[in-house]
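Dropping my_file.tsv in here (TSV, C-alpha atoms and all ligand atoms):
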```
chain	number	residue	atom	x	y	z
A	429	MET	CA	21.65	45.56	0.60
A	430	GLU	CA	23.64	44.63	3.66
A	431	ILE	CA	23.51	47.08	6.59
A	432	LYS	CA	26.29	46.57	9.13
A	433	ILE	CA	24.98	47.10	12.64
A	434	GLN	CA	27.22	48.05	15.53
A	435	LEU	CA	25.22	48.64	18.69
A	436	THR	CA	26.49	50.81	21.52
A	437	SER	CA	27.30	49.26	24.88
A	438	ASN	CA	26.85	52.68	26.44
A	439	LYS	CA	23.16	53.62	26.19
A	440	LYS	CA	22.17	57.13	27.26
A	441	VAL	CA	19.54	57.95	29.87
A	442	LYS	CA	16.41	59.14	28.03
A	443	PRO	CA	15.28	62.68	28.92
A	444	ASP	CA	11.90	63.25	30.51
A	445	SER	CA	9.29	64.30	27.92
A	446	SER	CA	8.74	67.64	29.73
A	447	VAL	CA	12.25	68.88	28.82
A	448	LEU	CA	12.47	67.67	25.21
A	449	GLY	CA	11.99	70.86	23.16
A	450	PHE	CA	13.14	70.52	19.53
A	451	GLY	CA	16.35	68.83	18.40
A	452	LYS	CA	18.27	69.09	21.67
A	453	TYR	CA	18.68	65.39	22.51
A	454	PHE	CA	19.88	62.64	20.20
A	455	THR	CA	19.45	58.89	20.27
A	456	ASP	CA	22.14	56.23	20.79
A	457	HIS	CA	22.90	55.51	17.14
A	458	MET	CA	23.07	57.01	13.68
A	459	ALA	CA	22.76	55.52	10.22
A	460	MET	CA	25.30	56.22	7.48
A	461	ILE	CA	26.12	55.28	3.92
A	462	THR	CA	29.04	56.55	1.86
A	463	TRP	CA	29.27	57.43	-1.82
A	464	ASN	CA	32.15	57.95	-4.17
A	465	ALA	CA	32.30	58.21	-7.92
A	466	GLU	CA	34.10	54.86	-8.26
A	467	LYS	CA	32.09	52.62	-5.93
A	468	GLY	CA	28.73	54.41	-5.83
A	469	TRP	CA	26.81	54.01	-2.56
A	470	HIS	CA	28.49	51.52	-0.23
A	471	ASN	CA	29.19	50.70	3.40
A	472	ALA	CA	25.67	51.10	4.79
A	473	ARG	CA	25.94	51.02	8.56
A	474	ILE	CA	24.24	51.81	11.83
A	475	VAL	CA	26.81	52.86	14.42
A	476	PRO	CA	26.92	54.52	17.85
A	477	PHE	CA	26.07	58.25	17.69
A	478	GLU	CA	29.30	60.24	17.57
A	479	ASN	CA	30.92	63.35	16.14
A	480	LEU	CA	31.73	63.24	12.44
A	481	SER	CA	35.32	63.84	11.44
A	482	ILE	CA	35.71	65.71	8.16
A	483	HIS	CA	38.61	67.33	6.33
A	484	PRO	CA	38.85	71.14	6.78
A	485	ALA	CA	38.56	71.52	2.99
A	486	SER	CA	35.39	69.36	2.83
A	487	THR	CA	33.03	70.67	0.14
A	488	VAL	CA	30.14	71.12	2.53
A	489	LEU	CA	32.07	73.60	4.67
A	490	HIS	CA	32.94	75.90	1.77
A	491	TYR	CA	30.31	75.57	-0.92
A	492	GLY	CA	27.20	74.52	0.97
A	493	ALA	CA	26.72	71.14	-0.71
A	494	GLU	CA	24.08	69.95	1.74
A	495	ILE	CA	20.48	68.74	1.60
A	496	PHE	CA	18.24	67.33	4.29
A	497	GLU	CA	14.86	65.87	5.14
A	498	GLY	CA	12.62	66.03	8.18
A	499	LEU	CA	10.01	63.48	9.22
A	500	LYS	CA	8.75	61.86	12.39
A	501	ALA	CA	8.03	58.51	14.00
A	502	TYR	CA	4.95	58.50	16.24
A	503	ARG	CA	4.04	56.34	19.23
A	504	ARG	CA	0.55	54.85	18.94
A	505	LYS	CA	-1.74	54.18	21.92
A	506	ASP	CA	-1.13	50.42	21.52
A	507	GLY	CA	2.61	51.04	21.99
A	508	GLY	CA	3.61	50.53	18.36
A	509	VAL	CA	5.62	53.04	16.34
A	510	GLN	CA	4.66	54.37	12.90
A	511	MET	CA	5.82	56.86	10.30
A	512	PHE	CA	3.92	59.25	8.02
A	513	ARG	CA	4.52	58.94	4.25
A	514	PRO	CA	8.26	58.21	4.60
A	515	MET	CA	8.72	57.29	0.93
A	516	GLU	CA	7.74	60.86	0.00
A	517	ASN	CA	10.75	62.11	1.96
A	518	VAL	CA	13.03	59.67	0.13
A	519	LYS	CA	11.72	60.87	-3.23
A	520	ARG	CA	12.15	64.52	-2.29
A	521	LEU	CA	15.68	63.84	-1.05
A	522	ASN	CA	16.56	62.65	-4.54
A	523	ARG	CA	14.98	65.70	-6.18
A	524	SER	CA	17.06	67.92	-3.88
A	525	ALA	CA	20.19	65.86	-4.60
A	526	GLU	CA	19.70	66.24	-8.33
A	527	ARG	CA	19.48	70.05	-7.98
A	528	LEU	CA	22.66	70.33	-5.92
A	529	CYS	CA	24.68	67.81	-7.98
A	530	LEU	CA	24.85	65.45	-5.04
A	531	PRO	CA	24.44	61.74	-5.84
A	532	THR	CA	20.91	60.35	-5.90
A	533	ILE	CA	20.32	57.18	-3.91
A	534	ASP	CA	18.24	54.14	-4.81
A	535	GLU	CA	14.82	54.72	-3.17
A	536	ASP	CA	14.68	51.22	-1.71
A	537	VAL	CA	18.18	51.49	-0.25
A	538	ALA	CA	17.43	54.83	1.44
A	539	PHE	CA	14.04	53.55	2.66
A	540	GLU	CA	15.56	50.37	4.10
A	541	LEU	CA	18.29	52.29	5.91
A	542	LEU	CA	15.73	54.75	7.32
A	543	THR	CA	13.24	52.16	8.50
A	544	LYS	CA	15.90	49.80	9.89
A	545	PHE	CA	17.34	52.75	11.83
A	546	VAL	CA	13.92	53.65	13.26
A	547	GLU	CA	13.37	50.00	14.19
A	548	ILE	CA	16.63	50.02	16.17
A	549	GLU	CA	15.92	53.39	17.85
A	550	GLN	CA	12.16	52.94	18.33
A	551	GLU	CA	12.37	52.83	22.12
A	552	TRP	CA	13.40	56.50	21.86
A	553	THR	CA	9.94	57.43	20.51
A	554	PRO	CA	8.32	59.27	23.42
A	555	SER	CA	4.68	58.59	24.30
A	556	ALA	CA	3.46	61.81	25.95
A	557	SER	CA	0.77	63.66	23.99
A	558	GLY	CA	2.14	65.54	20.97
A	559	THR	CA	5.68	64.17	21.29
A	560	SER	CA	7.47	62.22	18.58
A	561	LEU	CA	10.84	60.99	17.34
A	562	TYR	CA	12.09	63.53	14.80
A	563	LEU	CA	14.21	62.02	12.04
A	564	ARG	CA	16.80	64.08	10.22
A	565	PRO	CA	18.31	62.44	7.13
A	566	PHE	CA	20.96	64.62	5.48
A	567	MET	CA	23.54	64.37	2.73
A	568	PHE	CA	26.67	66.41	2.13
A	569	GLY	CA	29.46	66.68	-0.38
A	570	ASN	CA	32.73	65.59	1.16
A	571	ASP	CA	35.58	66.07	-1.31
A	572	GLU	CA	38.86	66.91	0.35
A	573	ALA	CA	39.86	69.68	-2.05
A	574	LEU	CA	38.85	73.28	-2.75
A	575	GLY	CA	38.11	73.00	-6.47
A	576	VAL	CA	34.55	73.93	-7.40
A	577	HIS	CA	32.75	71.15	-9.25
A	578	ALA	CA	30.21	68.36	-8.76
A	579	VAL	CA	31.40	66.23	-5.84
A	580	HIS	CA	33.11	62.84	-6.08
A	581	ASN	CA	32.51	61.94	-2.42
A	582	ALA	CA	29.40	62.25	-0.28
A	583	GLU	CA	27.92	60.98	2.96
A	584	PHE	CA	24.26	60.28	3.71
A	585	VAL	CA	23.53	60.26	7.44
A	586	ILE	CA	20.36	59.85	9.52
A	587	ILE	CA	20.11	61.08	13.09
A	588	ALA	CA	17.08	61.06	15.40
A	589	SER	CA	15.90	63.31	18.19
A	590	PRO	CA	12.96	62.84	20.58
A	591	VAL	CA	10.98	66.10	20.39
A	592	GLY	CA	8.34	67.68	22.58
A	593	SER	CA	4.86	68.79	21.66
A	594	TYR	CA	4.97	71.79	19.31
A	595	TYR	CA	1.96	73.25	21.11
A	596	LYS	CA	2.57	73.00	24.84
A	597	GLU	CA	-0.21	75.44	25.72
A	598	GLY	CA	-2.64	74.34	23.02
A	599	ILE	CA	-2.59	75.26	19.34
A	600	ASN	CA	-2.15	79.04	19.19
A	601	PRO	CA	-2.49	81.51	16.28
A	602	VAL	CA	0.79	83.30	15.46
A	603	LYS	CA	1.64	86.78	14.20
A	604	ILE	CA	3.32	86.96	10.79
A	605	MET	CA	5.16	89.83	9.10
A	606	ILE	CA	5.06	90.11	5.31
A	607	GLU	CA	8.70	90.47	4.19
A	608	ASN	CA	9.39	92.81	1.30
A	609	GLU	CA	13.14	93.15	1.43
A	610	ASP	CA	14.93	89.77	1.67
A	611	VAL	CA	13.81	86.82	-0.44
A	612	ARG	CA	14.17	83.13	0.40
A	613	ALA	CA	14.55	81.74	-3.10
A	614	VAL	CA	14.14	82.54	-6.78
A	615	ARG	CA	12.86	80.54	-9.70
A	616	GLY	CA	15.85	78.79	-11.24
A	617	GLY	CA	17.51	78.72	-7.83
A	618	THR	CA	17.23	76.09	-5.12
A	619	GLY	CA	13.86	76.99	-3.57
A	620	TYR	CA	12.28	73.61	-4.34
A	621	ALA	CA	15.26	71.72	-2.89
A	622	LYS	CA	15.44	71.13	0.85
A	623	CYS	CA	18.94	72.50	1.29
A	624	GLY	CA	20.77	74.25	4.09
A	625	GLY	CA	21.60	77.18	1.81
A	626	ASN	CA	17.94	78.23	1.64
A	627	TYR	CA	17.90	78.41	5.41
A	628	ALA	CA	21.11	80.45	5.53
A	629	ALA	CA	19.52	82.95	3.13
A	630	SER	CA	16.33	83.27	5.17
A	631	THR	CA	17.75	83.64	8.67
A	632	ARG	CA	18.19	87.43	8.58
A	633	ALA	CA	14.55	88.19	7.78
A	634	GLY	CA	13.40	85.64	10.36
A	635	LYS	CA	15.54	87.29	13.01
A	636	ARG	CA	14.30	90.78	12.15
A	637	ALA	CA	10.69	89.59	12.39
A	638	GLU	CA	11.39	87.97	15.77
A	639	ASP	CA	13.00	91.16	17.05
A	640	LYS	CA	9.75	92.98	16.20
A	641	GLY	CA	7.61	90.42	18.04
A	642	TYR	CA	6.52	88.34	15.02
A	643	SER	CA	7.03	84.62	14.93
A	644	GLN	CA	7.83	84.31	11.21
A	645	VAL	CA	7.84	86.10	7.87
A	646	LEU	CA	5.58	85.61	4.89
A	647	TRP	CA	7.89	85.33	1.87
A	648	LEU	CA	7.16	87.02	-1.43
A	649	ASP	CA	8.59	85.90	-4.78
A	650	GLY	CA	12.15	86.91	-5.57
A	651	VAL	CA	11.49	88.63	-8.91
A	652	GLU	CA	8.59	91.03	-8.34
A	653	ARG	CA	8.11	90.84	-4.52
A	654	LYS	CA	4.47	90.41	-5.49
A	655	TYR	CA	3.37	86.80	-5.14
A	656	ILE	CA	3.11	84.91	-1.88
A	657	GLU	CA	5.40	81.91	-1.52
A	658	GLU	CA	5.78	80.43	1.99
A	659	VAL	CA	5.60	81.32	5.66
A	660	GLY	CA	8.92	80.87	7.46
A	661	ALA	CA	9.91	77.27	6.70
A	662	MET	CA	6.32	76.16	6.09
A	663	ASN	CA	3.96	76.18	3.15
A	664	VAL	CA	1.00	78.51	3.47
A	665	MET	CA	-2.73	78.25	2.75
A	666	PHE	CA	-5.60	80.71	2.83
A	667	LYS	CA	-9.36	80.32	2.90
A	668	ILE	CA	-10.78	83.05	0.71
A	669	ASN	CA	-14.54	83.17	0.02
A	670	GLY	CA	-14.92	79.52	0.99
A	671	LYS	CA	-12.13	78.23	-1.29
A	672	ILE	CA	-8.68	77.16	-0.22
A	673	VAL	CA	-5.94	78.99	-2.07
A	674	THR	CA	-2.27	77.99	-1.87
A	675	PRO	CA	0.71	79.18	-3.93
A	676	MET	CA	1.41	76.84	-6.83
A	677	LEU	CA	4.74	75.00	-6.95
A	678	SER	CA	6.55	77.46	-9.18
A	679	GLY	CA	10.11	76.20	-8.56
A	680	SER	CA	10.96	78.56	-5.70
A	681	ILE	CA	8.56	76.87	-3.26
A	682	LEU	CA	9.39	73.77	-1.23
A	683	PRO	CA	6.92	70.98	-2.12
A	684	GLY	CA	5.83	70.10	1.41
A	685	ILE	CA	4.48	66.67	2.24
A	686	THR	CA	2.13	68.28	4.76
A	687	ARG	CA	0.98	70.68	2.00
A	688	MET	CA	0.28	67.77	-0.35
A	689	SER	CA	-1.54	65.89	2.43
A	690	CYS	CA	-3.67	68.95	3.31
A	691	ILE	CA	-4.71	69.26	-0.33
A	692	GLU	CA	-5.69	65.57	-0.47
A	693	VAL	CA	-7.67	65.77	2.80
A	694	LEU	CA	-9.41	68.99	1.68
A	695	LYS	CA	-10.38	67.52	-1.70
A	696	SER	CA	-11.66	64.34	-0.05
A	697	LYS	CA	-13.93	66.51	2.11
A	698	GLY	CA	-15.30	68.37	-0.91
A	699	PHE	CA	-13.37	71.62	-0.62
A	700	GLU	CA	-12.25	73.45	-3.72
A	701	VAL	CA	-8.46	73.91	-3.65
A	702	GLU	CA	-6.74	76.36	-5.97
A	703	GLU	CA	-2.99	76.03	-6.50
A	704	ARG	CA	-2.15	79.27	-8.24
A	705	LEU	CA	-0.33	82.58	-8.05
A	706	LEU	CA	-1.67	84.67	-5.17
A	707	SER	CA	-0.49	88.28	-5.08
A	708	VAL	CA	-0.02	90.21	-1.87
A	709	ASP	CA	-2.47	92.81	-3.28
A	710	GLU	CA	-5.16	90.16	-3.67
A	711	LEU	CA	-4.49	89.04	-0.10
A	712	LEU	CA	-4.61	92.61	1.24
A	713	ASP	CA	-7.92	93.15	-0.59
A	714	ALA	CA	-9.30	89.91	0.84
A	715	MET	CA	-8.27	91.05	4.32
A	716	LYS	CA	-9.89	94.46	3.89
A	717	THR	CA	-13.20	93.11	2.53
A	718	GLY	CA	-13.38	90.22	5.00
A	719	ALA	CA	-13.12	87.63	2.19
A	720	LEU	CA	-10.07	86.15	3.95
A	721	GLU	CA	-11.56	83.68	6.41
A	722	GLU	CA	-8.55	81.65	7.52
A	723	ALA	CA	-4.78	81.49	7.06
A	724	PHE	CA	-2.32	78.85	8.22
A	725	GLY	CA	1.15	77.45	7.69
A	726	CYS	CA	1.75	73.72	7.25
A	727	GLY	CA	4.84	71.56	7.72
A	728	THR	CA	6.07	68.48	9.56
A	729	ALA	CA	7.22	70.24	12.75
A	730	ALA	CA	4.02	72.13	13.65
A	731	VAL	CA	1.71	70.18	11.29
A	732	ILE	CA	-0.68	73.16	11.09
A	733	SER	CA	0.10	76.63	12.41
A	734	PRO	CA	-2.85	79.05	12.41
A	735	ILE	CA	-2.11	82.68	11.53
A	736	GLY	CA	-3.91	85.22	13.74
A	737	GLU	CA	-2.36	88.42	12.42
A	738	LEU	CA	-0.58	89.57	9.27
A	739	MET	CA	1.49	92.77	9.16
A	740	TYR	CA	2.40	94.56	5.93
A	741	ASP	CA	4.18	97.90	5.65
A	742	GLY	CA	3.47	98.67	9.30
A	743	VAL	CA	-0.29	97.96	9.05
A	744	LYS	CA	-1.70	95.08	11.12
A	745	TYR	CA	-4.51	92.89	9.81
A	746	PRO	CA	-6.25	90.45	12.15
A	747	VAL	CA	-7.15	87.05	10.62
A	748	SER	CA	-10.06	84.84	11.79
A	749	GLY	CA	-10.54	87.28	14.69
A	750	GLY	CA	-7.22	86.00	16.05
A	751	LYS	CA	-8.81	82.57	16.60
A	752	ILE	CA	-8.34	79.19	14.91
A	753	GLY	CA	-10.53	78.77	11.83
A	754	GLU	CA	-12.76	75.73	11.33
A	755	VAL	CA	-10.87	74.32	8.35
A	756	THR	CA	-7.53	74.94	10.08
A	757	GLN	CA	-8.72	72.97	13.10
A	758	MET	CA	-10.17	70.17	10.93
A	759	LEU	CA	-6.85	69.72	9.11
A	760	TYR	CA	-4.91	69.73	12.36
A	761	ASP	CA	-7.22	67.13	13.91
A	762	THR	CA	-7.25	64.92	10.80
A	763	LEU	CA	-3.51	64.92	10.13
A	764	THR	CA	-2.39	64.55	13.75
A	765	GLY	CA	-5.07	61.87	14.22
A	766	ILE	CA	-3.68	59.85	11.32
A	767	GLN	CA	-0.09	60.42	12.46
A	768	TRP	CA	-0.65	59.23	16.03
A	769	GLY	CA	-3.06	56.52	14.93
A	770	THR	CA	-6.30	57.80	16.50
A	771	VAL	CA	-7.99	58.57	13.15
A	772	GLU	CA	-8.49	55.90	10.48
A	773	ASP	CA	-5.81	56.10	7.76
A	774	LYS	CA	-8.10	56.06	4.71
A	775	PHE	CA	-5.30	57.32	2.47
A	776	GLY	CA	-2.73	54.60	3.19
A	777	TRP	CA	-0.18	57.10	4.50
A	778	ILE	CA	1.05	55.18	7.53
A	779	TYR	CA	4.10	52.91	7.59
A	780	LYS	CA	4.24	50.72	10.71
A	781	ILE	CA	7.61	49.73	12.16
A	801	LIG	C1	10.53	71.24	4.95
A	801	LIG	C2	9.93	72.53	4.49
A	801	LIG	C3	8.53	72.70	4.34
A	801	LIG	C4	7.52	71.68	4.79
A	801	LIG	O1	7.65	70.43	4.21
A	801	LIG	P1	7.00	69.16	4.92
A	801	LIG	O2	7.37	68.05	4.03
A	801	LIG	O3	5.55	69.40	5.00
A	801	LIG	O4	7.62	69.07	6.29
A	801	LIG	C5	8.08	73.90	3.80
A	801	LIG	N1	8.93	74.88	3.47
A	801	LIG	C6	10.27	74.76	3.61
A	801	LIG	C7	11.16	75.88	3.22
A	801	LIG	C8	10.81	73.58	4.12
A	801	LIG	O5	12.13	73.47	4.27
```

Using the file provided, produce a representation of the structure as structure tokens.
Ligand SMILES: *Cc1c(COP(=O)(O)O)cnc(C)c1O
Amino acid sequence: MEIKIQLTSNKKVKPDSSVLGFGKYFTDHMAMITWNAEKGWHNARIVPFENLSIHPASTVLHYGAEIFEGLKAYRRKDGGVQMFRPMENVKRLNRSAERLCLPTIDEDVAFELLTKFVEIEQEWTPSASGTSLYLRPFMFGNDEALGVHAVHNAEFVIIASPVGSYYKEGINPVKIMIENEDVRAVRGGTGYAKCGGNYAASTRAGKRAEDKGYSQVLWLDGVERKYIEEVGAMNVMFKINGKIVTPMLSGSILPGITRMSCIEVLKSKGFEVEERLLSVDELLDAMKTGALEEAFGCGTAAVISPIGELMYDGVKYPVSGGKIGEVTQMLYDTLTGIQWGTVEDKFGWIYKI
């Protein structure tokens, strides 16, 4: 596939790594490819970063036809740049597209556009400890009419943002509130798709938790409010009586690449991992008897986020004595080590630019 490349003559000044934060600064270019029902995917291009111009009736603005991905490029000590399991993001993008009736894209075409884009923007990958170049591929339906049906026009775009270290003051356990009113997703819905709509549905509970001093909510299933699903926009894992337990992918849970990688690392180190239904009652029991040893969220942004307190119905339960558990720390060290290239990549997860 031919990718047209139009480089900017007006490069931005790169921000200092101390001010990066998350998703505030964007690189000089963006990658795009257009789809319509007649031509399929065409006009792959890398162009100067600029505002998009869309019709006020564009499908995405009215009916939420939007999916996205999130992954990072990391600066190694030797100066090179590498990515973590990028093909998994491409595959998930297509599973999300299929669910929302957006067009799927040839894996090799999407991969080539992504990696070519990172190659062009690689100088934007910061090198300070814990920093990275966050990549945000997204696709939206772009018909210029208000009729409700599968779209005939779509855009796939990739933007990039240098981001700061998630843990500026060291990796810190967070307080989580178990949510029993709002739900994020239901089986048969779009929970397994990475789509903007899931985020729109989950914002209210997240805000209420924040207002009460909690950093995120623990989601329960949408049918019975009984089984644990995810924590905020991360997957969740528990160490109960020496075993790792994580909710199984039931359809309403996002199949995280960090989750999958944690499971593979844990199994390679001899841990027993159970992917199954885990009820909030079982978790409360495990907290009361002390069987719950560790709890953590996992996702690309934070990698691993230890949970130090869970709150349910006004009752607070400390986890791991409010400290980071051993397995939690091991997973954090292993995954970040592979990502930044300081730990040997035994699994073949790294793609070098
Ligand atoms: C993206 C996401 C995750 C984590 O997926 P990773 O591939 O590990 O980054 C988990 N839950 C939700 C709801 C997400 O959107």

Item to check | Contact residues around Tyr760 (chain A) with only C-alpha atoms at 9 Å, ignoring same-chain residues under 6 positions, as a PyMOL selection string | outcome: chain A and resi 731-733

Item to check | ligand LIG 801 (chain A) neighbours within 10 Å using all atoms listed in the file, as a ChimeraX atom specification | outcome: /A:495-500,513-514,516-517,520,612-613,619-624,626-627,630,657-664,680-690,725-732

Next on the checklist: If we count only C-alpha atoms and set the cut-off at 12 Å, which residues sit around region 705-721 of chain A, ignoring sequence neighbours fewer than 6 positions away in its own chain? Please answer as a PyMOL selection string.
Outcome noted: chain A and resi 606-608+646-649+652-658+664-678+681+734-741+743-756

Checklist entry - Could you tell me, as a ChimeraX atom specification, which residues have any atom at most 10 Å from (10.1, 83.0, 12.2), counting all atoms listed in the file? => result /A:602-605,630-639,641-646,659-662

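Distances to Glu547 (chain A) were evaluated for A:Arg523, A:Thr764, A:Pro590, A:Gly508 using only C-alpha atoms, and the minimum falls at A:Gly508.
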
Can you tell me, as an mmCIF file with C-alpha atoms, keeping the file's coordinate frame, what residues are no more than 8 Å from Ala573 (chain A) when counting all atoms listed in the file, ignoring any on the same chain fewer than 3 positions away?
```
data_model
loop_
_atom_site.group_PDB
_atom_site.id
_atom_site.type_symbol
_atom_site.label_atom_id
_atom_site.label_comp_id
_atom_site.auth_asym_id
_atom_site.auth_seq_id
_atom_site.Cartn_x
_atom_site.Cartn_y
_atom_site.Cartn_z
ATOM 1 C CA ALA A 485 38.560 71.520 2.990
ATOM 2 C CA SER A 486 35.390 69.360 2.830
ATOM 3 C CA THR A 487 33.030 70.670 0.140
#
```

Next on the checklist: List as a list of chain:residue names the protein and nucleic acid residues near region 454-457 of chain A, meaning an atom at most 9 Å away when all atoms listed in the file are counted, but skip any in the same chain fewer than 5 places from it.
Outcome noted: A:Gln434, A:Leu435, A:Thr436, A:Asn438, A:Lys439, A:Lys440, A:Lys442, A:Ile474, A:Val475, A:Pro476, A:Phe477, A:Glu478, A:Phe545, A:Ile548, A:Glu549, A:Trp552, A:Ile587, A:Ala588, A:Ser589, A:Pro590

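With only C-alpha atoms as the atoms that count, the minimum distance from Asp773 (chain A) to the choices A:Phe450, A:Tyr491, A:Phe512, A:Phe724 is reached by A:Phe512.
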
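With distances restricted to all atoms listed in the file, A:Gly592 is the closest residue to Val447 (chain A) from A:Ser560, A:Gly679, A:Gly592, A:Ala465.
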
Could you add all heavy atoms to region 692-699 of chain A and give me the result as a short mmCIF file (atom, residue, chain, number, x, y, z; two decimals), keeping the file's coordinate frame?
```cif
data_model
loop_
_atom_site.label_atom_id
_atom_site.label_comp_id
_atom_site.auth_asym_id
_atom_site.auth_seq_id
_atom_site.Cartn_x
_atom_site.Cartn_y
_atom_site.Cartn_z
N GLU A 692 -4.95 66.83 -0.27
CA GLU A 692 -5.69 65.57 -0.47
C GLU A 692 -6.84 65.44 0.53
O GLU A 692 -7.93 65.01 0.18
CB GLU A 692 -4.73 64.37 -0.39
CG GLU A 692 -3.83 64.31 -1.63
CD GLU A 692 -2.72 63.26 -1.53
OE1 GLU A 692 -3.02 62.08 -1.27
OE2 GLU A 692 -1.54 63.62 -1.72
N VAL A 693 -6.60 65.83 1.79
CA VAL A 693 -7.67 65.77 2.80
C VAL A 693 -8.79 66.75 2.42
O VAL A 693 -9.97 66.39 2.44
CB VAL A 693 -7.13 66.11 4.22
CG1 VAL A 693 -8.27 66.35 5.20
CG2 VAL A 693 -6.21 65.00 4.73
N LEU A 694 -8.41 67.96 2.03
CA LEU A 694 -9.41 68.99 1.68
C LEU A 694 -10.28 68.52 0.51
O LEU A 694 -11.50 68.61 0.55
CB LEU A 694 -8.71 70.31 1.33
CG LEU A 694 -8.15 71.07 2.53
CD1 LEU A 694 -7.13 72.12 2.08
CD2 LEU A 694 -9.27 71.73 3.34
N LYS A 695 -9.62 67.98 -0.53
CA LYS A 695 -10.38 67.52 -1.70
C LYS A 695 -11.31 66.38 -1.33
O LYS A 695 -12.44 66.31 -1.79
CB LYS A 695 -9.44 67.14 -2.84
CG LYS A 695 -8.79 68.37 -3.47
CD LYS A 695 -8.00 68.05 -4.72
CE LYS A 695 -7.53 69.36 -5.40
NZ LYS A 695 -6.50 69.13 -6.40
N SER A 696 -10.83 65.48 -0.45
CA SER A 696 -11.66 64.34 -0.05
C SER A 696 -12.88 64.79 0.75
O SER A 696 -13.88 64.09 0.83
CB SER A 696 -10.84 63.34 0.78
OG SER A 696 -10.73 63.79 2.12
N LYS A 697 -12.79 65.98 1.34
CA LYS A 697 -13.93 66.51 2.11
C LYS A 697 -14.77 67.49 1.29
O LYS A 697 -15.62 68.19 1.83
CB LYS A 697 -13.44 67.19 3.38
CG LYS A 697 -12.62 66.25 4.26
CD LYS A 697 -12.90 66.41 5.74
CE LYS A 697 -12.02 65.46 6.53
NZ LYS A 697 -12.73 64.68 7.53
N GLY A 698 -14.47 67.56 -0.01
CA GLY A 698 -15.30 68.37 -0.91
C GLY A 698 -14.92 69.83 -1.03
O GLY A 698 -15.64 70.62 -1.64
N PHE A 699 -13.79 70.22 -0.48
CA PHE A 699 -13.37 71.62 -0.62
C PHE A 699 -12.74 71.85 -2.00
O PHE A 699 -12.11 70.96 -2.55
CB PHE A 699 -12.32 71.99 0.44
CG PHE A 699 -12.89 72.18 1.81
CD1 PHE A 699 -12.91 71.13 2.72
CD2 PHE A 699 -13.41 73.41 2.19
CE1 PHE A 699 -13.44 71.30 3.99
CE2 PHE A 699 -13.95 73.59 3.45
CZ PHE A 699 -13.96 72.53 4.36
#
```
